[in-house]
Amino acid sequence: MDLREIDGTSEPVLRGRGADFSAALQALITFTNSSTWRERVLVESDFPLAGDMPAFLLLNQLIYRTTARPTDMADAIGTGRSNVSKIVRRLEAAGLVGRMPDPEDGRQSVIGLTAAGREAAERISAVNSAVYGPLFAAWSDEDFDRLESLVVRLVTSLDDRLDHAVERTAGVRLPRPAQVNHGS
């Protein structure tokens with residue numbers, strides 16, 4: 001069927017309250033997860049395993065975690081556990097990560113950044129800061145603090161509603177906003 005015959009194909013499906021928010025959030029997530037952006041950060045951060053995007057993604061996840069189980073990393077970077085094992089071996093060979101027994105379950109292991117891995121992580125963070133820093137420099141402290149507060153509130157509300165699935169997947173424990181008692 002020719003799409004020109006279908007009415008309304010030139011308009012987005014989203015409408016109503018929150019449509020602009022959903023579109024903006026989708027744009028931000030899609031861009032930051034795009035191959036174009038990821039490859040740029042990989043190159044500009046002088047990632048030690050040049051061109052190894054799966055290793056870059058795994059190390060990038062460790063920026064936000066102290067340690068992580070390989071199974072959690074598999075979910076976070078969208079690959080299988082056996083592939084994570086291969087990626088971890090490459091990162092270990094490069095001296096970027098190490099393993100140790102999981103303190104919560106000694107039958108499993110966790111991976112974490114070594115000193116060299118932390119240096120690579122700091123370069124990755126610096127590339128991101130080079131983009132976001134100047135952007136937020138034009139914002140007042142009040143505007144930035146409000147944005148940060150609202151984003152944290154959004155994510156923690158979603159995490160609470162989804163039985164902490166966001167926290168499990170992202171490996172990040174965000175501070176919960178103080179509860180305000182409006183009824184007393």
# chains A, B, ... in the order shown; residues from 1 in each chain; ligands from 1
$ select_by_dssp --residues "chain A" --states "alpha helix (DSSP H)" --output "MDAnalysis selection string"
chainID A and resid 19:32 35:44 53:62 70:77 81:93 115:137 141:161 165:170
$ write_last_selection --atoms "C-alpha atoms" --output "JSON list (two decimals), in the first residue's frame"
[["chain", "number", "residue", "atom", "x", "y", "z"],
["A", 19, "ALA", "CA", 3.27, 14.47, 24.14],
["A", 20, "ASP", "CA", 6.03, 17.07, 23.91],
["A", 21, "PHE", "CA", 7.71, 15.59, 27.00],
["A", 22, "SER", "CA", 7.56, 12.08, 25.52],
["A", 23, "ALA", "CA", 8.93, 13.27, 22.19],
["A", 24, "ALA", "CA", 11.77, 15.20, 23.87],
["A", 25, "LEU", "CA", 12.66, 12.26, 26.14],
["A", 26, "GLN", "CA", 12.59, 9.88, 23.18],
["A", 27, "ALA", "CA", 14.86, 12.22, 21.22],
["A", 28, "LEU", "CA", 17.35, 12.46, 24.10],
["A", 29, "ILE", "CA", 17.42, 8.71, 24.75],
["A", 30, "THR", "CA", 17.64, 7.84, 21.05],
["A", 31, "PHE", "CA", 20.45, 10.32, 20.46],
["A", 32, "THR", "CA", 22.53, 9.28, 23.48],
["A", 35, "SER", "CA", 25.88, 4.63, 17.26],
["A", 36, "THR", "CA", 26.87, 8.11, 16.10],
["A", 37, "TRP", "CA", 27.08, 9.52, 19.64],
["A", 38, "ARG", "CA", 28.58, 6.42, 21.21],
["A", 39, "GLU", "CA", 31.30, 6.18, 18.56],
["A", 40, "ARG", "CA", 32.09, 9.87, 19.02],
["A", 41, "VAL", "CA", 32.53, 9.45, 22.77],
["A", 42, "LEU", "CA", 34.54, 6.23, 22.28],
["A", 43, "VAL", "CA", 36.96, 8.03, 19.93],
["A", 44, "GLU", "CA", 37.14, 11.36, 21.78],
["A", 53, "MET", "CA", 31.85, -0.82, 21.23],
["A", 54, "PRO", "CA", 30.61, -3.67, 23.49],
["A", 55, "ALA", "CA", 33.63, -3.17, 25.80],
["A", 56, "PHE", "CA", 33.05, 0.59, 25.76],
["A", 57, "LEU", "CA", 29.37, 0.13, 26.68],
["A", 58, "LEU", "CA", 30.20, -2.21, 29.54],
["A", 59, "LEU", "CA", 32.87, 0.09, 30.94],
["A", 60, "ASN", "CA", 30.52, 3.04, 30.52],
["A", 61, "GLN", "CA", 27.95, 1.24, 32.69],
["A", 62, "LEU", "CA", 30.55, 0.82, 35.42],
["A", 70, "PRO", "CA", 27.82, -9.95, 34.67],
["A", 71, "THR", "CA", 24.13, -10.91, 34.39],
["A", 72, "ASP", "CA", 23.14, -7.34, 35.27],
["A", 73, "MET", "CA", 25.59, -5.99, 32.72],
["A", 74, "ALA", "CA", 24.14, -8.28, 30.04],
["A", 75, "ASP", "CA", 20.71, -6.74, 30.56],
["A", 76, "ALA", "CA", 22.06, -3.19, 30.74],
["A", 77, "ILE", "CA", 24.01, -3.37, 27.47],
["A", 81, "ARG", "CA", 25.70, -13.45, 29.57],
["A", 82, "SER", "CA", 28.15, -15.51, 27.49],
["A", 83, "ASN", "CA", 28.96, -12.43, 25.41],
["A", 84, "VAL", "CA", 29.48, -10.38, 28.58],
["A", 85, "SER", "CA", 32.04, -12.97, 29.70],
["A", 86, "LYS", "CA", 33.96, -12.44, 26.46],
["A", 87, "ILE", "CA", 33.75, -8.66, 26.82],
["A", 88, "VAL", "CA", 34.93, -8.82, 30.44],
["A", 89, "ARG", "CA", 37.89, -10.97, 29.40],
["A", 90, "ARG", "CA", 38.92, -8.31, 26.84],
["A", 91, "LEU", "CA", 38.57, -5.57, 29.45],
["A", 92, "GLU", "CA", 40.54, -7.62, 31.98],
["A", 93, "ALA", "CA", 43.30, -8.27, 29.45],
["A", 115, "ALA", "CA", 42.76, 2.22, 38.36],
["A", 116, "ALA", "CA", 43.28, 2.17, 34.57],
["A", 117, "GLY", "CA", 39.56, 1.58, 34.09],
["A", 118, "ARG", "CA", 38.77, 4.58, 36.29],
["A", 119, "GLU", "CA", 41.09, 6.72, 34.15],
["A", 120, "ALA", "CA", 39.24, 5.60, 31.01],
["A", 121, "ALA", "CA", 35.90, 6.25, 32.75],
["A", 122, "GLU", "CA", 37.03, 9.74, 33.72],
["A", 123, "ARG", "CA", 37.89, 10.48, 30.08],
["A", 124, "ILE", "CA", 34.45, 9.25, 28.99],
["A", 125, "SER", "CA", 32.82, 11.47, 31.63],
["A", 126, "ALA", "CA", 34.95, 14.41, 30.49],
["A", 127, "VAL", "CA", 33.72, 14.03, 26.90],
["A", 128, "ASN", "CA", 30.11, 14.09, 28.13],
["A", 129, "SER", "CA", 30.84, 17.04, 30.42],
["A", 130, "ALA", "CA", 32.36, 18.93, 27.51],
["A", 131, "VAL", "CA", 28.94, 18.77, 25.84],
["A", 132, "TYR", "CA", 26.68, 19.28, 28.85],
["A", 133, "GLY", "CA", 28.88, 21.70, 30.81],
["A", 134, "PRO", "CA", 28.65, 24.63, 28.40],
["A", 135, "LEU", "CA", 24.96, 23.90, 27.84],
["A", 136, "PHE", "CA", 24.17, 24.22, 31.53],
["A", 137, "ALA", "CA", 26.58, 27.14, 32.04],
["A", 141, "ASP", "CA", 21.71, 27.46, 39.48],
["A", 142, "GLU", "CA", 18.02, 27.52, 40.37],
["A", 143, "ASP", "CA", 16.97, 26.28, 36.91],
["A", 144, "PHE", "CA", 19.56, 23.52, 36.92],
["A", 145, "ASP", "CA", 18.68, 22.42, 40.47],
["A", 146, "ARG", "CA", 14.98, 22.37, 39.55],
["A", 147, "LEU", "CA", 15.64, 20.30, 36.42],
["A", 148, "GLU", "CA", 17.80, 17.85, 38.37],
["A", 149, "SER", "CA", 15.19, 17.56, 41.11],
["A", 150, "LEU", "CA", 12.37, 16.93, 38.63],
["A", 151, "VAL", "CA", 14.33, 14.34, 36.63],
["A", 152, "VAL", "CA", 15.28, 12.48, 39.83],
["A", 153, "ARG", "CA", 11.64, 12.64, 40.92],
["A", 154, "LEU", "CA", 10.49, 11.28, 37.55],
["A", 155, "VAL", "CA", 12.94, 8.39, 37.59],
["A", 156, "THR", "CA", 12.34, 7.45, 41.23],
["A", 157, "SER", "CA", 8.56, 7.58, 40.72],
["A", 158, "LEU", "CA", 8.88, 5.32, 37.70],
["A", 159, "ASP", "CA", 11.23, 3.02, 39.59],
["A", 160, "ASP", "CA", 8.82, 2.78, 42.55],
["A", 161, "ARG", "CA", 5.90, 2.08, 40.22],
["A", 165, "ALA", "CA", 13.13, -2.33, 37.74],
["A", 166, "VAL", "CA", 14.83, 0.93, 36.73],
["A", 167, "GLU", "CA", 17.29, 0.67, 39.60],
["A", 168, "ARG", "CA", 18.01, -3.01, 38.86],
["A", 169, "THR", "CA", 18.58, -2.38, 35.17],
["A", 170, "ALA", "CA", 20.56, 0.87, 35.49]]
$ atom_distance --atom1 "atom CA of Thr79 of chain A" --atom2 "atom CA of Pro175 of chain A"
28.5 Å
$ closest_residue --among "A:Thr67, A:Gly78, A:Ala138, A:Asn33" --to "Thr114 of chain A" --atoms "only C-alpha atoms"
A:Thr67
$ select_by_dssp --residues "segment 5-181 of chain A" --states "strand (DSSP E or B)" --output "list in words"
Thr67, Ala68, Val97, Gly98, Arg99, Met100, Pro101, Asp102, Asp105, Gly106, Arg107, Gln108, Ser109, Val110, Ile111, Gly112 and Leu113 of chain A
$ closest_residue --among "A:Leu162, A:Val13, A:Ala68, A:Val172" --to "Met100 of chain A" --atoms "only C-alpha atoms"
A:Ala68
$ closest_residue --among "A:Ile63, A:Arg69, A:Ser140, A:Leu49" --to "Gly95 of chain A" --atoms "only C-alpha atoms"
A:Leu49
